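Pasting target_11.pdb here (PDB, C-alpha atoms):
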ATOM      1  CA  MET O   1      33.962  20.842  30.649
ATOM      2  CA  MET O   2      31.735  23.832  29.748
ATOM      3  CA  ALA O   3      34.527  25.303  27.673
ATOM      4  CA  LEU O   4      34.785  22.047  25.768
ATOM      5  CA  LEU O   5      31.045  22.118  24.947
ATOM      6  CA  ARG O   6      31.342  25.695  23.647
ATOM      7  CA  SER O   7      34.120  24.746  21.255
ATOM      8  CA  ARG O   8      33.114  24.934  17.589
ATOM      9  CA  LYS O   9      35.502  22.148  16.725
ATOM     10  CA  LEU O  10      33.791  19.720  19.133
ATOM     11  CA  LEU O  11      30.365  20.878  17.892
ATOM     12  CA  TYR O  12      31.345  20.049  14.282
ATOM     13  CA  VAL O  13      32.674  16.639  15.338
ATOM     14  CA  LEU O  14      29.442  15.828  17.233
ATOM     15  CA  VAL O  15      27.244  16.958  14.325
ATOM     16  CA  GLY O  16      29.385  14.938  11.917
ATOM     17  CA  LEU O  17      29.059  11.807  14.064
ATOM     18  CA  VAL O  18      25.255  12.219  14.277
ATOM     19  CA  VAL O  19      24.955  12.677  10.494
ATOM     20  CA  VAL O  20      27.184   9.668   9.783
ATOM     21  CA  GLY O  21      25.152   7.588  12.249
ATOM     22  CA  LEU O  22      21.872   8.554  10.561
ATOM     23  CA  VAL O  23      23.227   7.796   7.077
ATOM     24  CA  VAL O  24      24.600   4.411   8.158
ATOM     25  CA  SER O  25      21.379   3.381   9.933
ATOM     26  CA  GLY O  26      19.305   4.516   6.929
ATOM     27  CA  ALA O  27      21.506   2.519   4.551
ATOM     28  CA  ILE O  28      21.229  -0.591   6.729
ATOM     29  CA  GLY O  29      17.418  -0.237   6.824
ATOM     30  CA  LEU O  30      17.295   0.225   3.050
ATOM     31  CA  PHE O  31      19.360  -2.900   2.385
ATOM     32  CA  GLN O  32      17.259  -4.924   4.834
ATOM     33  CA  SER O  33      14.066  -3.797   3.104
ATOM     34  CA  PHE O  34      15.371  -5.154  -0.212
ATOM     35  CA  ASN O  35      15.753  -8.610   1.332
ATOM     36  CA  SER O  36      12.379  -8.766   3.128
ATOM     37  CA  PRO O  37       9.201 -10.077   1.430
ATOM     38  CA  PRO O  38       6.638  -7.423   0.423
ATOM     39  CA  MET O  39       3.837  -6.894   2.903
ATOM     40  CA  ALA O  40       0.229  -6.166   1.981
ATOM     41  CA  THR O  41      -1.235  -3.473   4.199
ATOM     42  CA  PRO O  42      -4.981  -3.557   4.872
ATOM     43  CA  GLY O  43      -6.856  -0.538   3.585
ATOM     44  CA  ASP O  44      -4.053   0.742   1.356
ATOM     45  CA  GLY O  45      -5.959   3.389  -0.587
ATOM     46  CA  GLN O  46      -8.995   2.227  -2.510
ATOM     47  CA  GLY O  47      -7.401  -1.012  -3.655
ATOM     48  CA  GLN O  48      -8.572  -0.271  -7.185
ATOM     49  CA  GLN O  49      -7.077  -2.142 -10.094
ATOM     50  CA  GLY O  50      -7.280  -1.345 -13.763
ATOM     51  CA  PRO O  51      -9.343  -3.441 -16.173
ATOM     52  CA  GLY O  52      -8.248  -7.044 -16.331
ATOM     53  CA  GLN O  53      -5.760  -6.740 -13.475
ATOM     54  CA  GLN O  54      -5.716  -8.960 -10.447
ATOM     55  CA  GLY O  55      -4.965  -7.436  -7.079
ATOM     56  CA  GLU O  56      -3.426  -9.023  -4.013
ATOM     57  CA  GLN O  57      -3.706 -12.600  -5.398
ATOM     58  CA  GLY O  58      -7.504 -12.387  -5.724
ATOM     59  CA  THR O  59      -9.303 -14.005  -8.600
ATOM     60  CA  PRO O  60     -10.816 -11.465 -10.960
ATOM     61  CA  PRO O  61     -14.524 -10.805 -10.445
ATOM     62  CA  PRO O  62     -17.042 -12.177 -12.933
ATOM     63  CA  ASP O  63     -18.051 -10.106 -15.929
ATOM     64  CA  VAL O  64     -21.447  -8.422 -16.162
ATOM     65  CA  GLY O  65     -22.564 -11.315 -18.383
ATOM     66  CA  ALA O  66     -22.803 -13.487 -15.251
ATOM     67  CA  LEU O  67     -26.041 -11.641 -14.431
ATOM     68  CA  GLY O  68     -27.661 -12.768 -17.670
ATOM     69  CA  SER O  69     -30.085 -10.504 -19.484
ATOM     70  CA  PRO O  70     -31.517  -7.602 -17.471
ATOM     71  CA  PRO O  71     -35.232  -7.268 -16.766
ATOM     72  CA  SER O  72     -37.347  -5.432 -19.318
ATOM     73  CA  GLY O  73     -36.712  -1.675 -19.321
ATOM     74  CA  PHE O  74     -33.234  -1.966 -17.767
ATOM     75  CA  THR O  75     -29.657  -2.493 -18.852
ATOM     76  CA  TYR O  76     -26.444  -3.209 -16.937
ATOM     77  CA  VAL O  77     -23.537  -0.789 -17.322
ATOM     78  CA  ASP O  78     -20.215  -2.323 -16.300
ATOM     79  CA  GLN O  79     -17.808   0.177 -14.750
ATOM     80  CA  ASP O  80     -14.895  -1.721 -16.405
ATOM     81  CA  GLU O  81     -12.825  -1.745 -13.239
ATOM     82  CA  ALA O  82     -12.051  -4.517 -10.783
ATOM     83  CA  HIS O  83     -11.731  -3.445  -7.158
ATOM     84  CA  CYS O  84      -9.578  -5.697  -4.964
ATOM     85  CA  SER O  85      -8.881  -5.582  -1.260
ATOM     86  CA  GLN O  86      -7.274  -8.299   0.855
ATOM     87  CA  GLY O  87      -7.651 -10.912  -1.878
ATOM     88  CA  GLN O  88     -11.355 -10.176  -2.462
ATOM     89  CA  CYS O  89     -12.262  -8.725  -5.861
ATOM     90  CA  PHE O  90     -15.548  -7.284  -7.054
ATOM     91  CA  ARG O  91     -16.964  -5.293  -9.960
ATOM     92  CA  LEU O  92     -19.472  -2.419  -9.807
ATOM     93  CA  ILE O  93     -22.455  -2.543 -12.169
ATOM     94  CA  VAL O  94     -24.802   0.433 -12.636
ATOM     95  CA  ILE O  95     -28.454  -0.301 -13.362
ATOM     96  CA  ALA O  96     -29.582   2.033 -16.157
ATOM     97  CA  GLY O  97     -32.523   2.449 -18.497
ATOM     98  CA  GLU O  98     -32.886   0.406 -21.685
ATOM     99  CA  GLU O  99     -30.789   2.834 -23.733
ATOM    100  CA  GLY O 100     -28.202   3.332 -20.965
ATOM    101  CA  GLU O 101     -29.841   6.516 -19.687
ATOM    102  CA  GLU O 102     -30.045   7.388 -16.003
ATOM    103  CA  LEU O 103     -33.193   6.078 -14.344
ATOM    104  CA  ASP O 104     -35.905   8.295 -12.916
ATOM    105  CA  GLY O 105     -37.284   7.183  -9.593
ATOM    106  CA  GLU O 106     -35.918   5.470  -6.535
ATOM    107  CA  PRO O 107     -32.750   3.397  -6.939
ATOM    108  CA  GLU O 108     -34.129   0.832  -4.457
ATOM    109  CA  GLU O 109     -36.996   0.058  -6.857
ATOM    110  CA  ALA O 110     -34.541  -0.606  -9.710
ATOM    111  CA  VAL O 111     -32.484  -2.895  -7.454
ATOM    112  CA  ARG O 112     -35.660  -4.670  -6.307
ATOM    113  CA  SER O 113     -36.708  -5.249  -9.953
ATOM    114  CA  VAL O 114     -33.296  -6.695 -10.812
ATOM    115  CA  TYR O 115     -33.260  -8.866  -7.671
ATOM    116  CA  GLU O 116     -36.746 -10.225  -8.400
ATOM    117  CA  HIS O 117     -35.674 -10.942 -11.992
ATOM    118  CA  LEU O 118     -32.566 -12.792 -10.780
ATOM    119  CA  VAL O 119     -34.572 -14.822  -8.232
ATOM    120  CA  SER O 120     -37.055 -15.804 -10.951
ATOM    121  CA  ASN O 121     -34.056 -17.010 -13.000
ATOM    122  CA  GLY O 122     -32.760 -19.400 -10.339
ATOM    123  CA  TRP O 123     -30.687 -17.142  -8.088
ATOM    124  CA  ARG O 124     -31.241 -17.541  -4.361
ATOM    125  CA  GLN O 125     -31.075 -15.256  -1.376
ATOM    126  CA  GLU O 126     -28.152 -15.700   1.036
ATOM    127  CA  ILE O 127     -29.388 -15.339   4.607
ATOM    128  CA  PRO O 128     -26.437 -15.711   7.004
ATOM    129  CA  GLY O 129     -27.559 -15.235  10.588
ATOM    130  CA  ALA O 130     -31.269 -15.140   9.697
ATOM    131  CA  GLU O 131     -33.844 -17.848  10.276
ATOM    132  CA  SER O 132     -35.616 -17.485   6.907
ATOM    133  CA  GLU O 133     -35.792 -15.347   3.795
ATOM    134  CA  GLU O 134     -38.771 -13.464   5.241
ATOM    135  CA  ASP O 135     -36.524 -12.116   8.042
ATOM    136  CA  VAL O 136     -34.376 -10.204   5.528
ATOM    137  CA  GLU O 137     -35.626  -7.648   2.993
ATOM    138  CA  LEU O 138     -34.729  -8.842  -0.524
ATOM    139  CA  VAL O 139     -32.751  -5.703  -1.457
ATOM    140  CA  ASP O 140     -30.838  -5.904   1.843
ATOM    141  CA  SER O 141     -29.555  -9.400   1.099
ATOM    142  CA  VAL O 142     -26.962 -10.984  -1.133
ATOM    143  CA  LEU O 143     -28.019 -13.160  -4.066
ATOM    144  CA  THR O 144     -26.039 -16.080  -5.437
ATOM    145  CA  ASP O 145     -26.173 -18.614  -8.233
ATOM    146  CA  ASP O 146     -23.425 -20.666  -6.492
ATOM    147  CA  THR O 147     -20.650 -19.127  -8.621
ATOM    148  CA  THR O 148     -21.439 -15.406  -8.403
ATOM    149  CA  LEU O 149     -22.532 -13.098  -5.590
ATOM    150  CA  VAL O 150     -24.596  -9.942  -6.136
ATOM    151  CA  ALA O 151     -25.152  -7.252  -3.490
ATOM    152  CA  ASP O 152     -26.788  -3.831  -3.562
ATOM    153  CA  SER O 153     -24.080  -1.174  -3.319
ATOM    154  CA  THR O 154     -26.221   1.919  -3.919
ATOM    155  CA  ALA O 155     -25.161   5.030  -2.006
ATOM    156  CA  SER O 156     -27.702   6.363   0.479
ATOM    157  CA  GLU O 157     -27.587   9.954  -0.827
ATOM    158  CA  PRO O 158     -30.594  11.356  -2.713
ATOM    159  CA  GLY O 159     -30.237  10.997  -6.470
ATOM    160  CA  ALA O 160     -27.708   8.160  -6.184
ATOM    161  CA  LEU O 161     -27.437   5.699  -9.046
ATOM    162  CA  PRO O 162     -28.543   2.100  -8.420
ATOM    163  CA  VAL O 163     -25.310   0.084  -8.218
ATOM    164  CA  LEU O 164     -24.738  -3.652  -7.830
ATOM    165  CA  MET O 165     -21.542  -5.238  -6.542
ATOM    166  CA  LEU O 166     -20.615  -8.424  -8.403
ATOM    167  CA  GLY O 167     -18.123 -10.925  -6.976
ATOM    168  CA  ASN O 168     -17.150 -14.583  -6.888
ATOM    169  CA  ALA O 169     -19.145 -16.876  -4.609
ATOM    170  CA  GLY O 170     -15.966 -18.748  -3.680
ATOM    171  CA  ASN O 171     -14.706 -15.634  -1.859
ATOM    172  CA  PRO O 172     -16.751 -15.132   1.304
ATOM    173  CA  ALA O 173     -17.884 -11.573   1.872
ATOM    174  CA  ASP O 174     -16.781  -9.960   5.152
TER     175      ASP O 174
END
In structure tokens, what does this structure look like?
Amino acid sequence: MMALLRSRKLLYVLVGLVVVGLVVSGAIGLFQSFNSPPMATPGDGQGQQGPGQQGEQGTPPPDVGALGSPPSGFTYVDQDEAHCSQGQCFRLIVIAGEEGEELDGEPEEAVRSVYEHLVSNGWRQEIPGAESEEDVELVDSVLTDDTTLVADSTASEPGALPVLMLGNAGNPAD
């Protein structure tokens, strides 16, 4: 038996059988993958879509115009890109100065000014899990006008730009 295992001829036959087996099983898997429905994997990259594209059957997020006019001294800068993940789509909006310049000061103050402006124009604070609006800081909440949701998405690093996340109110935020 040991002599048989040392034979080069038997070694070539065994290697050939292993290679043929791998090729056949790979081909079968490839053909089966063509016939199966595509699967969406959660967290596949950033889930970013180009302008105007829908991702994973989500409805496109509202345009920056859904916010109305900005408060005095501010302007909204749309990042022109819809981000979609698991059927939920949103758009990032930077709060800038009147001429589009970067703001001096704390980003939280810019977000607070925009939130107060939106509330004075009929938007309301969403307070899931809280007893009243006083239990939740305004800038830590989500605002809605029943068709659009707005949330603060500013990074916590020093010098971060004030950023709002804009989405559809019909898509519950997780």
Query raised in the report: Of the residues O:Arg112, O:His117, O:Arg91, O:Arg124, which is the one nearest to Asn168 of chain O, using only C-alpha atoms?
Result: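 That would be O:Arg91, the residue with the smallest distance to Asn168 of chain O.
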Report task. State, in Å with one decimal place, the distance from atom CA of Cys89 of chain O to atom CA of Asp146 of chain O. Result ->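 Straight-line distance from atom CA of Cys89 of chain O to atom CA of Asp146 of chain O works out to 16.4 Å.
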Query raised in the report: At what distance in Å, to one decimal, does atom CA of Glu99 of chain O lie from atom CA of Ser141 of chain O?
Result: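 Value for the atom CA of Ser141 of chain O-atom CA of Glu99 of chain O distance: 27.7 Å.
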Let me know the residues the PyMOL selection byres ((chain O and resi 139) around 10) catches in the file above, as a PDB file with C-alpha atoms, in the coordinates of the input.
ATOM      1  CA  GLU O 108     -34.129   0.832  -4.457  1.00  0.00           C
ATOM      2  CA  GLU O 109     -36.996   0.058  -6.857  1.00  0.00           C
ATOM      3  CA  ALA O 110     -34.541  -0.606  -9.710  1.00  0.00           C
ATOM      4  CA  VAL O 111     -32.484  -2.895  -7.454  1.00  0.00           C
ATOM      5  CA  ARG O 112     -35.660  -4.670  -6.307  1.00  0.00           C
ATOM      6  CA  SER O 113     -36.708  -5.249  -9.953  1.00  0.00           C
ATOM      7  CA  VAL O 114     -33.296  -6.695 -10.812  1.00  0.00           C
ATOM      8  CA  TYR O 115     -33.260  -8.866  -7.671  1.00  0.00           C
ATOM      9  CA  GLU O 116     -36.746 -10.225  -8.400  1.00  0.00           C
ATOM     10  CA  GLN O 125     -31.075 -15.256  -1.376  1.00  0.00           C
ATOM     11  CA  VAL O 136     -34.376 -10.204   5.528  1.00  0.00           C
ATOM     12  CA  GLU O 137     -35.626  -7.648   2.993  1.00  0.00           C
ATOM     13  CA  LEU O 138     -34.729  -8.842  -0.524  1.00  0.00           C
ATOM     14  CA  ASP O 140     -30.838  -5.904   1.843  1.00  0.00           C
ATOM     15  CA  SER O 141     -29.555  -9.400   1.099  1.00  0.00           C
ATOM     16  CA  VAL O 142     -26.962 -10.984  -1.133  1.00  0.00           C
ATOM     17  CA  LEU O 143     -28.019 -13.160  -4.066  1.00  0.00           C
ATOM     18  CA  ALA O 151     -25.152  -7.252  -3.490  1.00  0.00           C
ATOM     19  CA  ASP O 152     -26.788  -3.831  -3.562  1.00  0.00           C
ATOM     20  CA  SER O 153     -24.080  -1.174  -3.319  1.00  0.00           C
TER      21      SER O 153
END
Query raised in the report: segment 71-75 of chain O: which residues within 12 Å, counting all atoms listed in the file, same-chain residues fewer than 2 positions away excluded, as a ChimeraX atom specification?
Result: /O:64-65,67-69,77-78,93-104,109-121,162-163
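Atom CA of Gln88 of chain O sits 5.5 Å away from atom CA of Gly58 of chain O.
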Query raised in the report: Care to translate the PyMOL selection byres ((chain O and resi 90) around 8) into actual residues of this file, as a list in words?
Result: Pro60, Pro61, Pro62, Ala82, His83, Cys84, Gln88, Cys89, Arg91, Leu92, Met165, Leu166, Gly167 and Asn168 of chain O
Query raised in the report: Looking at only C-alpha atoms, which of O:Thr59, O:Leu17, O:Ala66, O:Gly87 is the one that sits closest to Trp123 of chain O?
Result: O:Ala66
